[in-house]
file my_file_19.csv (CSV, C-alpha atoms)
chain,number,residue,atom,x,y,z
U,620,ASP,CA,150.6,-80.9,81.3
U,621,ALA,CA,150.8,-78.1,83.8
U,622,LYS,CA,149.7,-79.1,87.3
U,623,THR,CA,148.6,-75.7,88.4
U,624,THR,CA,145.4,-73.5,88.0
U,625,GLN,CA,145.6,-69.8,88.0
U,626,PRO,CA,143.1,-67.0,87.2
U,627,PRO,CA,143.7,-65.8,83.6
U,628,SER,CA,143.9,-62.2,84.6
U,629,MET,CA,144.0,-59.8,87.6
U,630,ASP,CA,144.1,-56.1,88.1
U,631,CYS,CA,146.0,-54.1,90.7
U,632,ALA,CA,146.4,-50.4,91.5
U,633,GLU,CA,149.9,-49.1,91.6
U,634,GLY,CA,151.3,-49.0,95.1
U,635,ARG,CA,148.9,-51.7,96.4
U,636,ALA,CA,149.8,-55.3,97.2
U,637,ALA,CA,149.1,-57.8,94.4
U,638,ASN,CA,148.1,-61.2,95.6
U,639,LEU,CA,148.3,-63.9,92.9
U,640,PRO,CA,146.7,-67.3,93.8
U,641,CYS,CA,147.6,-70.7,92.5
U,642,ASN,CA,146.1,-74.1,93.0
U,643,HIS,CA,148.2,-77.2,92.8
U,644,SER,CA,146.2,-79.9,94.5
U,645,THR,CA,148.2,-82.8,92.9
U,646,ILE,CA,151.6,-81.6,94.0
U,647,SER,CA,154.0,-84.3,94.9
U,648,GLY,CA,156.1,-84.4,98.1
U,649,ASN,CA,159.4,-83.5,96.4
U,650,GLU,CA,158.0,-80.9,94.0
U,651,TYR,CA,158.8,-77.2,94.6
U,652,VAL,CA,156.4,-74.3,93.9
U,653,TYR,CA,158.1,-71.9,91.5
U,654,TRP,CA,157.0,-68.5,90.3
U,655,TYR,CA,158.3,-66.9,87.2
U,656,ARG,CA,157.0,-63.8,85.3
U,657,GLN,CA,157.3,-62.8,81.7
U,658,ILE,CA,157.1,-59.2,80.6
U,659,HIS,CA,156.0,-58.7,77.1
U,660,SER,CA,158.5,-59.9,74.5
U,661,GLN,CA,161.1,-60.8,77.1
U,662,GLY,CA,162.3,-64.1,78.5
U,663,PRO,CA,160.8,-65.4,81.7
U,664,GLN,CA,162.3,-64.1,84.9
U,665,TYR,CA,162.6,-66.1,88.1
U,666,ILE,CA,160.8,-64.6,91.1
U,667,ILE,CA,160.8,-67.0,94.0
U,668,HIS,CA,160.3,-70.7,94.9
U,669,GLY,CA,159.6,-72.8,98.0
U,670,LEU,CA,158.9,-76.3,99.2
U,671,LYS,CA,156.9,-76.1,102.4
U,672,ASN,CA,157.8,-72.9,104.2
U,673,ASN,CA,156.9,-69.4,103.3
U,674,GLU,CA,159.6,-67.5,101.5
U,675,THR,CA,160.5,-63.9,101.0
U,676,ASN,CA,163.1,-62.1,98.9
U,677,GLU,CA,163.6,-58.7,97.5
U,678,MET,CA,160.9,-59.2,94.8
U,679,ALA,CA,158.1,-60.9,96.5
U,680,SER,CA,156.7,-63.2,99.2
U,681,LEU,CA,155.5,-66.8,98.7
U,682,ILE,CA,152.8,-68.2,101.0
U,683,ILE,CA,152.3,-71.9,100.8
U,684,THR,CA,149.4,-73.5,102.6
U,685,GLU,CA,150.1,-76.2,105.1
U,686,ASP,CA,148.7,-79.0,102.9
U,687,ARG,CA,150.7,-77.5,100.0
U,688,LYS,CA,147.7,-77.6,97.7
U,689,SER,CA,147.8,-73.9,97.0
U,690,SER,CA,150.0,-70.9,97.2
U,691,THR,CA,149.9,-67.1,96.9
U,692,LEU,CA,152.5,-64.8,95.4
U,693,ILE,CA,152.5,-61.4,97.0
U,694,LEU,CA,154.0,-58.3,95.4
U,695,PRO,CA,153.9,-56.0,98.4
U,696,HIS,CA,153.9,-52.6,96.5
U,697,ALA,CA,153.0,-53.2,92.8
U,698,THR,CA,154.5,-50.8,90.2
U,699,LEU,CA,153.6,-50.3,86.6
U,700,ARG,CA,156.7,-52.4,85.7
U,701,ASP,CA,155.2,-55.4,87.4
U,702,THR,CA,152.7,-55.7,84.6
U,703,ALA,CA,153.4,-59.2,83.2
U,704,VAL,CA,152.2,-62.7,82.9
U,705,TYR,CA,152.9,-64.6,86.2
U,706,TYR,CA,153.5,-68.3,86.0
U,707,CYS,CA,153.1,-70.7,88.9
U,708,ILE,CA,154.9,-74.0,88.3
U,709,VAL,CA,155.2,-77.1,90.4
U,710,ALA,CA,158.2,-79.1,89.5
U,711,TYR,CA,161.2,-81.1,90.8
U,712,SER,CA,163.5,-80.2,87.9
U,713,THR,CA,161.8,-79.7,84.6
U,714,LEU,CA,159.5,-76.6,84.3
U,715,THR,CA,156.1,-77.1,82.7
U,716,PHE,CA,154.5,-73.7,82.1
U,717,GLY,CA,150.7,-73.3,82.4
U,718,LYS,CA,148.8,-70.4,81.0
U,719,GLY,CA,149.6,-68.1,83.9
U,720,THR,CA,147.9,-64.9,85.2
U,721,MET,CA,148.1,-61.7,83.3
U,722,LEU,CA,148.6,-59.0,86.0
U,723,LEU,CA,147.8,-55.5,84.9
U,724,VAL,CA,149.0,-52.8,87.3
U,725,SER,CA,147.3,-49.5,86.7
U,726,PRO,CA,148.1,-45.9,87.9
Z,91,ASP,CA,175.8,-58.0,82.4
Z,92,ALA,CA,174.0,-60.5,80.2
Z,93,MET,CA,174.3,-64.0,81.5
Z,94,VAL,CA,172.3,-65.9,78.8
Z,95,ILE,CA,172.7,-64.5,75.4
Z,96,GLN,CA,170.7,-65.4,72.3
Z,97,ASN,CA,171.6,-64.4,68.8
Z,98,PRO,CA,170.1,-63.2,66.7
Z,99,ARG,CA,167.1,-61.6,68.5
Z,100,TYR,CA,165.1,-61.7,65.3
Z,101,GLN,CA,165.5,-64.2,62.6
Z,102,VAL,CA,163.7,-64.5,59.3
Z,103,THR,CA,163.9,-67.6,57.2
Z,104,GLN,CA,162.1,-69.1,54.2
Z,105,PHE,CA,159.8,-72.0,54.3
Z,106,GLY,CA,161.9,-75.2,54.2
Z,107,LYS,CA,165.3,-73.3,54.5
Z,108,PRO,CA,167.4,-74.6,57.5
Z,109,VAL,CA,168.0,-72.2,60.2
Z,110,THR,CA,170.2,-72.2,63.4
Z,111,LEU,CA,169.6,-70.3,66.5
Z,112,SER,CA,172.3,-69.7,69.0
Z,113,CYS,CA,172.5,-69.5,72.8
Z,114,SER,CA,175.6,-68.8,75.0
Z,115,GLN,CA,176.0,-68.4,78.7
Z,116,THR,CA,178.5,-66.9,81.1
Z,117,LEU,CA,177.2,-68.8,84.1
Z,118,ASN,CA,179.0,-72.1,83.6
Z,119,HIS,CA,175.8,-73.9,84.2
Z,120,ASN,CA,175.7,-77.6,83.4
Z,121,VAL,CA,172.1,-77.7,82.0
Z,122,MET,CA,170.8,-75.8,79.0
Z,123,TYR,CA,167.2,-75.8,77.8
Z,124,TRP,CA,165.4,-74.8,74.6
Z,125,TYR,CA,161.8,-73.7,74.8
Z,126,GLN,CA,159.3,-72.8,72.0
Z,127,GLN,CA,156.7,-70.1,72.7
Z,128,LYS,CA,154.1,-69.4,70.2
Z,129,SER,CA,152.0,-66.3,70.2
Z,130,SER,CA,149.8,-65.9,73.3
Z,131,GLN,CA,150.9,-69.3,74.6
Z,132,ALA,CA,153.1,-70.5,77.4
Z,133,PRO,CA,156.7,-71.6,76.8
Z,134,LYS,CA,157.0,-75.3,75.8
Z,135,LEU,CA,160.1,-77.3,76.5
Z,136,LEU,CA,161.6,-78.9,73.4
Z,137,PHE,CA,164.8,-80.5,74.9
Z,138,HIS,CA,167.6,-80.0,77.2
Z,139,TYR,CA,171.3,-80.9,77.7
Z,140,TYR,CA,172.6,-82.1,81.1
Z,141,ASP,CA,176.3,-81.6,80.4
Z,142,LYS,CA,176.7,-83.6,77.2
Z,143,ASP,CA,173.6,-85.8,77.7
Z,144,PHE,CA,170.8,-84.8,75.4
Z,145,ASN,CA,167.2,-85.2,76.6
Z,146,ASN,CA,164.4,-84.8,74.1
Z,147,GLU,CA,160.8,-84.2,75.1
Z,148,ALA,CA,158.5,-86.9,73.7
Z,149,ASP,CA,156.4,-84.6,71.5
Z,150,THR,CA,159.3,-82.6,70.1
Z,151,PRO,CA,159.2,-82.9,66.3
Z,152,ASP,CA,162.1,-84.6,64.5
Z,153,ASN,CA,162.5,-81.3,62.6
Z,154,PHE,CA,164.1,-79.8,65.7
Z,155,GLN,CA,167.7,-80.8,66.6
Z,156,SER,CA,170.2,-79.4,69.0
Z,157,ARG,CA,173.9,-79.3,69.5
Z,158,ARG,CA,176.0,-78.4,72.5
Z,159,PRO,CA,179.7,-78.2,71.5
Z,160,ASN,CA,180.9,-77.0,74.8
Z,161,THR,CA,179.5,-75.8,78.2
Z,162,SER,CA,178.9,-72.3,77.0
Z,163,PHE,CA,177.1,-72.8,73.8
Z,164,CYS,CA,174.0,-74.5,72.6
Z,165,PHE,CA,172.4,-74.4,69.2
Z,166,LEU,CA,168.9,-75.1,68.0
Z,167,ASP,CA,168.7,-76.3,64.4
Z,168,ILE,CA,165.4,-76.4,62.5
Z,169,ARG,CA,166.0,-78.6,59.5
Z,170,SER,CA,163.0,-77.6,57.4
Z,171,PRO,CA,161.0,-74.8,59.0
Z,172,GLY,CA,157.3,-74.7,58.4
Z,173,LEU,CA,154.9,-71.8,58.9
Z,174,GLY,CA,153.9,-73.4,62.2
Z,175,ASP,CA,157.4,-73.1,63.5
Z,176,ALA,CA,157.2,-69.3,63.7
Z,177,ALA,CA,157.6,-68.6,67.4
Z,178,MET,CA,159.8,-67.1,70.1
Z,179,TYR,CA,162.6,-69.6,71.0
Z,180,LEU,CA,163.9,-69.3,74.5
Z,181,CYS,CA,167.1,-70.6,75.9
Z,182,ALA,CA,167.6,-71.2,79.6
Z,183,THR,CA,170.3,-72.5,81.9
Z,184,LEU,CA,170.4,-74.2,85.3
Z,185,TRP,CA,173.1,-75.3,87.7
Z,186,VAL,CA,172.5,-78.7,89.1
Z,187,GLY,CA,174.8,-79.7,91.9
Z,188,THR,CA,176.5,-78.2,95.0
Z,189,GLY,CA,175.3,-74.7,95.7
Z,190,SER,CA,172.3,-75.0,93.3
Z,191,THR,CA,169.6,-72.4,93.7
Z,192,ASP,CA,167.2,-74.4,91.6
Z,193,THR,CA,166.8,-71.3,89.4
Z,194,GLN,CA,166.6,-71.3,85.7
Z,195,TYR,CA,168.0,-68.2,83.9
Z,196,PHE,CA,166.4,-67.4,80.6
Z,197,GLY,CA,167.7,-65.5,77.7
Z,198,PRO,CA,165.8,-62.7,75.9
Z,199,GLY,CA,164.7,-65.1,73.2
Z,200,THR,CA,164.9,-65.2,69.4
Z,201,ARG,CA,161.8,-64.4,67.4
Z,202,LEU,CA,161.6,-66.6,64.3
Z,203,THR,CA,159.6,-65.6,61.3
Z,204,VAL,CA,159.0,-68.1,58.5
Z,205,LEU,CA,158.0,-66.7,55.1

call {"tool": "encode", "arguments": {"input": "my_file_19.csv", "output": "structure tokens"}}
result
Amino acid sequence: DAKTTQPPSMDCAEGRAANLPCNHSTISGNEYVYWYRQIHSQGPQYIIHGLKNNETNEMASLIITEDRKSSTLILPHATLRDTAVYYCIVAYSTLTFGKGTMLLVSP
Amino acid sequence: DAMVIQNPRYQVTQFGKPVTLSCSQTLNHNVMYWYQQKSSQAPKLLFHYYDKDFNNEADTPDNFQSRRPNTSFCFLDIRSPGLGDAAMYLCATLWVGTGSTDTQYFGPGTRLTVL
């Protein structure tokens, strides 16, 4: 079973920051927080992952709380092409997908 | 350039007729996964290969088998497809070892229809 809780859906205006929350209160010490997204009818796409520290790459930023029980994925300037289901996954190796958050970016 | 390739993208089979889905990769990754994703659901891991070692998930039906003849290719065999096996089948790869980025790369998927 997935060890994460995410809101089922969120809306964001194009050009604004999208902040997607994730709760993972039972995360183990050696488990990473991964974020993947899946655009309709495509395979999942890796976004970012982290263990304890905040991470940033060309796609997004990942903010992990100090107790590691929750995290936030930030898309700094959302575009229409960011409309997708976003999955937050805690794992050491094998990924177990939860239901994810359907992010709808509107003009 | 495509790194994880799945053929065909769309597959139609008849109830009970064996079908094979194909996955190939150009990444030389040592781990290959097969996931099943039914409509409006999250991907569900069926099994994976770590090199030649096969690892089956506990709740994967016996109807699903896999073969990995070499590093680059992995096949999903469904021996007797039922209507409930209609889904998107996703292949993914991962490099475990020195230089690992802990990132799985997914193919575009094969959508299986069972008539």

call {"tool": "residues_around", "arguments": {"input": "my_file_19.csv", "residues": "Gln115 (chain Z)", "least_positions_apart": "6", "cutoff": "8 Å", "atoms": "only C-alpha atoms", "output": "NGL selection string"}}
result
:Z and (93-95 or 162-163 or 183)

call {"tool": "residues_around", "arguments": {"input": "my_file_19.csv", "residues": "region 194-200 of chain Z", "least_positions_apart": "3", "cutoff": "10 Å", "atoms": "all atoms listed in the file", "output": "ChimeraX atom specification"}}
result
/U:655,660-665,712-714 /Z:92-101,111-115,117,119,121-127,177-185,191,203

call {"tool": "interface_residues", "arguments": {"input": "my_file_19.csv", "of": "chain U", "to": "chain Z", "cutoff": "12 Å", "atoms": "all atoms listed in the file", "output": "PyMOL selection string"}}
result
chain U and resi 620-621+627+650-670+704-708+710-721

call {"tool": "residues_around", "arguments": {"input": "my_file_19.csv", "residues": "region 631-644 of chain U", "least_positions_apart": "5", "cutoff": "8 Å", "atoms": "all atoms listed in the file", "output": "number ranges by chain"}}
result
U: 622-626, 687-699, 707, 709, 720, 722-726

call {"tool": "closest_residue", "arguments": {"input": "my_file_19.csv", "among": "Z:Gln104, Z:Asn153, Z:Asn120, Z:Asn145", "to": "Gly187 (chain Z)", "atoms": "all atoms listed in the file"}}
result
Z:Asn120

call {"tool": "atom_distance", "arguments": {"input": "my_file_19.csv", "atom1": "CA of Pro171 (chain Z)", "atom2": "CA of Arg157 (chain Z)"}}
result
17.2 Å

call {"tool": "atom_distance", "arguments": {"input": "my_file_19.csv", "atom1": "CA of Asn118 (chain Z)", "atom2": "CA of Phe144 (chain Z)"}}
result
17.2 Å

call {"tool": "atom_distance", "arguments": {"input": "my_file_19.csv", "atom1": "CA of Gly172 (chain Z)", "atom2": "CA of Phe105 (chain Z)"}}
result
5.5 Å

call {"tool": "closest_residue", "arguments": {"input": "my_file_19.csv", "among": "Z:Ile168, Z:Asn160, Z:Thr103, Z:Pro108", "to": "Leu136 (chain Z)", "atoms": "only C-alpha atoms"}}
result
Z:Ile168

call {"tool": "closest_residue", "arguments": {"input": "my_file_19.csv", "among": "U:Ile683, U:Lys671, U:Ala703, U:Met678", "to": "Asn649 (chain U)", "atoms": "all atoms listed in the file"}}
result
U:Lys671
